[in-house]
Amino acid sequence: MYAVNAATAAAWRALLADVLARAKVDAEVIDHPFPQPLPALWARDDLACAFMCGYPYARSAPRPTLLAAPVQDDPRCEGRPVYWTDIVARADGPIRTLDDLAGRRFGYTTPDSQSGYQAPRVLFAPLAAARGGRLFASVVGPLVTPRRVVEAVVAGDADAGPVDSYALRLLRDTEPALVAPLHVVASTPPTPCPPLVASASLPAAIADRLRDALLDTGPVAALGLAGFARVAPREYDALAERADAVDISGYRALG
């Protein structure tokens with residue numbers, strides 16, 4: 001999920017290999033790049049350690065085993081494993097506030113994404129209600145990844161779009177020219193960061209060793225990480241509850 005380019009992919013491979021070695025777990029580090037579907041990865045029964053979006057985690061049954069979640073070295077996180085969605089638009093364009101989004105083309109990743117769909121839907125529901133139930137002229141997607149949302153907005157294929165704040169930070173650090181044309185119009189409230197999970201069938205002793213190795217990981221400058229923190233299933237339940245509340249309000253889909 002956070003391998004936004006070749007440089008970050010290499011850094012994640014190195015970090016995960018180190019975690020596996022310290023946990024004394026015999027496993028292979030594999031790539032799962034776009035366009036391979038993430039649900040297929042999360043459904044594997046041999047998963048030792050992989051990122052999973054918090055919204056599908058909250059909806060899954062049985063749930064994968066939670067290991068830990070990343071803590072960004074961003075002072076806005078206050079040392080907590082949180083992130084948010086940044087609504088981005090071209091800095092040289094007319095969109096300066098949320099109200100300016102009315103009647104525009106809005107990109108999205110996939111409906112099962114917290115940062116790329118559900119968090120914006122919660123944010124926009126009151127604005128859409130004030131306009132009779134619809135905010136945008138059209139929606140553009142599924143674009144699947146934060147990077148493709150950035151590319152669509154930069155290219156003018158969408159007027160604005162939602163970008164996972166951690167993914168945006170990684171892009172700023174490693175490809176500043178790509179995101180230079182953009183500015184952040186608004187941000188959603190922080191929510192729990194996507195966790196690293198293992199298959200529910202993974203023996204508890206192995207999961208414990210992996211969790212301990214993640215929690216013992218120090219700062220990783222190449223990934224903007226301060227480390228990892230424990231998270232509990234209940235922290236992600238609120239994501240599904242908020243989505244259900246917006247469904248009840250009538251704003252069942254971005255539009």
# chains A, B, ... in the order shown; residues from 1 in each chain; ligands from 1
call {"tool": "select_by_dssp", "arguments": {"residues": "region 12-249 of chain A", "states": "strand (DSSP E)", "output": "ChimeraX atom specification"}}
result
/A:50-51,65-72,82-83,85-90,105-107,138-140,160-164,182-187,191-192,196-198,225-229
call {"tool": "select_by_dssp", "arguments": {"residues": "region 188-239 of chain A", "states": "alpha helix (DSSP H)", "output": "number ranges by chain"}}
result
A: 204-215, 234-239
call {"tool": "closest_residue", "arguments": {"among": "A:Asp164, A:Asp159, A:Asp31, A:Asp237", "to": "Val144 (chain A)", "atoms": "only C-alpha atoms"}}
result
A:Asp164
call {"tool": "residues_around", "arguments": {"residues": "region 196-201 of chain A", "least_positions_apart": "6", "cutoff": "8 Å", "atoms": "only C-alpha atoms", "output": "list of chain:residue names"}}
result
A:Trp42, A:Ala43, A:Arg44, A:Asp45, A:Asp46, A:Leu47, A:Ala48, A:Cys49, A:Ala50, A:Phe51, A:Met52, A:Pro62, A:Arg63, A:Pro64, A:Thr65, A:Leu66, A:Leu67, A:Ala68, A:Ala69, A:Ala207
call {"tool": "residues_around", "arguments": {"residues": "Phe228 (chain A)", "least_positions_apart": "4", "cutoff": "7 Å", "atoms": "only C-alpha atoms", "output": "PyMOL selection string"}}
result
chain A and resi 68-71+214-215+217
call {"tool": "residues_around", "arguments": {"residues": "Gly161 (chain A)", "least_positions_apart": "4", "cutoff": "9 Å", "atoms": "only C-alpha atoms", "output": "number ranges by chain"}}
result
A: 86-89, 105-109, 116, 140, 146, 149-150, 152-153
call {"tool": "write_last_selection", "arguments": {"atoms": "N, CA and C atoms", "output": "PDB file, in the first residue's frame"}}
result
ATOM      1  N   ASP A  86      -5.840  13.876   2.750  1.00  0.00           N
ATOM      2  CA  ASP A  86      -5.647  15.219   2.220  1.00  0.00           C
ATOM      3  C   ASP A  86      -6.415  15.338   0.905  1.00  0.00           C
ATOM      4  N   ILE A  87      -7.293  16.318   0.819  1.00  0.00           N
ATOM      5  CA  ILE A  87      -7.992  16.607  -0.431  1.00  0.00           C
ATOM      6  C   ILE A  87      -7.096  17.549  -1.235  1.00  0.00           C
ATOM      7  N   VAL A  88      -6.637  17.095  -2.407  1.00  0.00           N
ATOM      8  CA  VAL A  88      -5.674  17.874  -3.181  1.00  0.00           C
ATOM      9  C   VAL A  88      -6.303  18.378  -4.475  1.00  0.00           C
ATOM     10  N   ALA A  89      -5.803  19.513  -4.922  1.00  0.00           N
ATOM     11  CA  ALA A  89      -6.182  20.093  -6.210  1.00  0.00           C
ATOM     12  C   ALA A  89      -4.957  20.817  -6.748  1.00  0.00           C
ATOM     13  N   ARG A 105     -15.119  17.676 -10.904  1.00  0.00           N
ATOM     14  CA  ARG A 105     -14.850  16.249 -11.084  1.00  0.00           C
ATOM     15  C   ARG A 105     -13.934  15.792  -9.952  1.00  0.00           C
ATOM     16  N   PHE A 106     -14.384  14.778  -9.215  1.00  0.00           N
ATOM     17  CA  PHE A 106     -13.636  14.335  -8.044  1.00  0.00           C
ATOM     18  C   PHE A 106     -13.143  12.907  -8.242  1.00  0.00           C
ATOM     19  N   GLY A 107     -11.859  12.687  -8.074  1.00  0.00           N
ATOM     20  CA  GLY A 107     -11.288  11.350  -8.195  1.00  0.00           C
ATOM     21  C   GLY A 107     -11.446  10.551  -6.903  1.00  0.00           C
ATOM     22  N   TYR A 108     -11.293   9.240  -7.011  1.00  0.00           N
ATOM     23  CA  TYR A 108     -11.300   8.396  -5.820  1.00  0.00           C
ATOM     24  C   TYR A 108     -10.498   7.130  -6.115  1.00  0.00           C
ATOM     25  N   THR A 109     -10.118   6.413  -5.056  1.00  0.00           N
ATOM     26  CA  THR A 109      -9.348   5.173  -5.235  1.00  0.00           C
ATOM     27  C   THR A 109     -10.307   4.004  -5.456  1.00  0.00           C
ATOM     28  N   GLY A 116      -9.245   6.840   0.604  1.00  0.00           N
ATOM     29  CA  GLY A 116      -9.544   7.230  -0.767  1.00  0.00           C
ATOM     30  C   GLY A 116     -11.013   7.283  -1.118  1.00  0.00           C
ATOM     31  N   VAL A 140     -14.385  10.333 -10.731  1.00  0.00           N
ATOM     32  CA  VAL A 140     -13.404   9.729 -11.626  1.00  0.00           C
ATOM     33  C   VAL A 140     -12.757   8.566 -10.890  1.00  0.00           C
ATOM     34  N   PRO A 146      -3.243   5.929  -4.321  1.00  0.00           N
ATOM     35  CA  PRO A 146      -3.051   7.366  -4.108  1.00  0.00           C
ATOM     36  C   PRO A 146      -2.211   8.007  -5.216  1.00  0.00           C
ATOM     37  N   VAL A 149      -4.328   8.877  -8.130  1.00  0.00           N
ATOM     38  CA  VAL A 149      -5.150  10.059  -7.856  1.00  0.00           C
ATOM     39  C   VAL A 149      -4.323  11.320  -8.086  1.00  0.00           C
ATOM     40  N   VAL A 150      -3.103  11.331  -7.554  1.00  0.00           N
ATOM     41  CA  VAL A 150      -2.202  12.472  -7.766  1.00  0.00           C
ATOM     42  C   VAL A 150      -1.992  12.710  -9.256  1.00  0.00           C
ATOM     43  N   ALA A 152      -3.852  11.872 -11.769  1.00  0.00           N
ATOM     44  CA  ALA A 152      -5.074  12.312 -12.439  1.00  0.00           C
ATOM     45  C   ALA A 152      -5.318  13.795 -12.207  1.00  0.00           C
ATOM     46  N   VAL A 153      -5.077  14.265 -10.992  1.00  0.00           N
ATOM     47  CA  VAL A 153      -5.296  15.677 -10.692  1.00  0.00           C
ATOM     48  C   VAL A 153      -4.244  16.534 -11.383  1.00  0.00           C
TER      49      VAL A 153
END
call {"tool": "atom_distance", "arguments": {"atom1": "CA of Val185 (chain A)", "atom2": "CA of Arg96 (chain A)"}}
result
5.8 Å
call {"tool": "residues_around", "arguments": {"residues": "Ser249 (chain A)", "least_positions_apart": "3", "cutoff": "12 Å", "atoms": "only C-alpha atoms", "output": "number ranges by chain"}}
result
A: 121-122, 124-126, 128-129, 133, 242-246, 252-253
call {"tool": "write_last_selection", "arguments": {"atoms": "N, CA and C atoms", "output": "PDB file, in the first residue's frame"}}
result
ATOM      1  N   ARG A 121     -16.145  10.646   1.973  1.00  0.00           N
ATOM      2  CA  ARG A 121     -17.613  10.568   1.961  1.00  0.00           C
ATOM      3  C   ARG A 121     -18.184  11.129   3.268  1.00  0.00           C
ATOM      4  N   VAL A 122     -17.550  10.802   4.389  1.00  0.00           N
ATOM      5  CA  VAL A 122     -17.982  11.357   5.671  1.00  0.00           C
ATOM      6  C   VAL A 122     -17.810  12.876   5.676  1.00  0.00           C
ATOM      7  N   PHE A 124     -17.760  14.950   3.117  1.00  0.00           N
ATOM      8  CA  PHE A 124     -18.584  15.674   2.146  1.00  0.00           C
ATOM      9  C   PHE A 124     -20.085  15.533   2.375  1.00  0.00           C
ATOM     10  N   ALA A 125     -20.510  14.598   3.224  1.00  0.00           N
ATOM     11  CA  ALA A 125     -21.942  14.342   3.385  1.00  0.00           C
ATOM     12  C   ALA A 125     -22.740  15.602   3.730  1.00  0.00           C
ATOM     13  N   PRO A 126     -22.296  16.438   4.687  1.00  0.00           N
ATOM     14  CA  PRO A 126     -23.086  17.651   4.980  1.00  0.00           C
ATOM     15  C   PRO A 126     -23.135  18.618   3.802  1.00  0.00           C
ATOM     16  N   ALA A 128     -22.965  17.824   0.611  1.00  0.00           N
ATOM     17  CA  ALA A 128     -23.872  17.259  -0.391  1.00  0.00           C
ATOM     18  C   ALA A 128     -25.327  17.435   0.033  1.00  0.00           C
ATOM     19  N   ALA A 129     -25.602  17.229   1.316  1.00  0.00           N
ATOM     20  CA  ALA A 129     -26.976  17.376   1.809  1.00  0.00           C
ATOM     21  C   ALA A 129     -27.479  18.802   1.601  1.00  0.00           C
ATOM     22  N   GLY A 133     -28.237  16.632  -2.042  1.00  0.00           N
ATOM     23  CA  GLY A 133     -27.784  15.243  -2.067  1.00  0.00           C
ATOM     24  C   GLY A 133     -26.633  14.953  -2.995  1.00  0.00           C
ATOM     25  N   ARG A 242     -18.972   4.987  11.192  1.00  0.00           N
ATOM     26  CA  ARG A 242     -19.153   6.277  10.523  1.00  0.00           C
ATOM     27  C   ARG A 242     -19.692   6.089   9.114  1.00  0.00           C
ATOM     28  N   ALA A 243     -19.189   5.094   8.418  1.00  0.00           N
ATOM     29  CA  ALA A 243     -19.697   4.830   7.068  1.00  0.00           C
ATOM     30  C   ALA A 243     -21.164   4.452   7.108  1.00  0.00           C
ATOM     31  N   ASP A 244     -21.556   3.649   8.096  1.00  0.00           N
ATOM     32  CA  ASP A 244     -22.965   3.262   8.228  1.00  0.00           C
ATOM     33  C   ASP A 244     -23.839   4.485   8.508  1.00  0.00           C
ATOM     34  N   ALA A 245     -23.343   5.408   9.324  1.00  0.00           N
ATOM     35  CA  ALA A 245     -24.116   6.608   9.649  1.00  0.00           C
ATOM     36  C   ALA A 245     -24.332   7.472   8.417  1.00  0.00           C
ATOM     37  N   VAL A 246     -23.308   7.550   7.556  1.00  0.00           N
ATOM     38  CA  VAL A 246     -23.453   8.331   6.326  1.00  0.00           C
ATOM     39  C   VAL A 246     -24.415   7.637   5.372  1.00  0.00           C
ATOM     40  N   ARG A 252     -24.947   7.736   0.127  1.00  0.00           N
ATOM     41  CA  ARG A 252     -24.436   6.373   0.099  1.00  0.00           C
ATOM     42  C   ARG A 252     -23.226   6.194  -0.821  1.00  0.00           C
ATOM     43  N   ALA A 253     -22.973   7.150  -1.669  1.00  0.00           N
ATOM     44  CA  ALA A 253     -21.839   7.071  -2.594  1.00  0.00           C
ATOM     45  C   ALA A 253     -21.355   8.468  -2.911  1.00  0.00           C
TER      46      ALA A 253
END
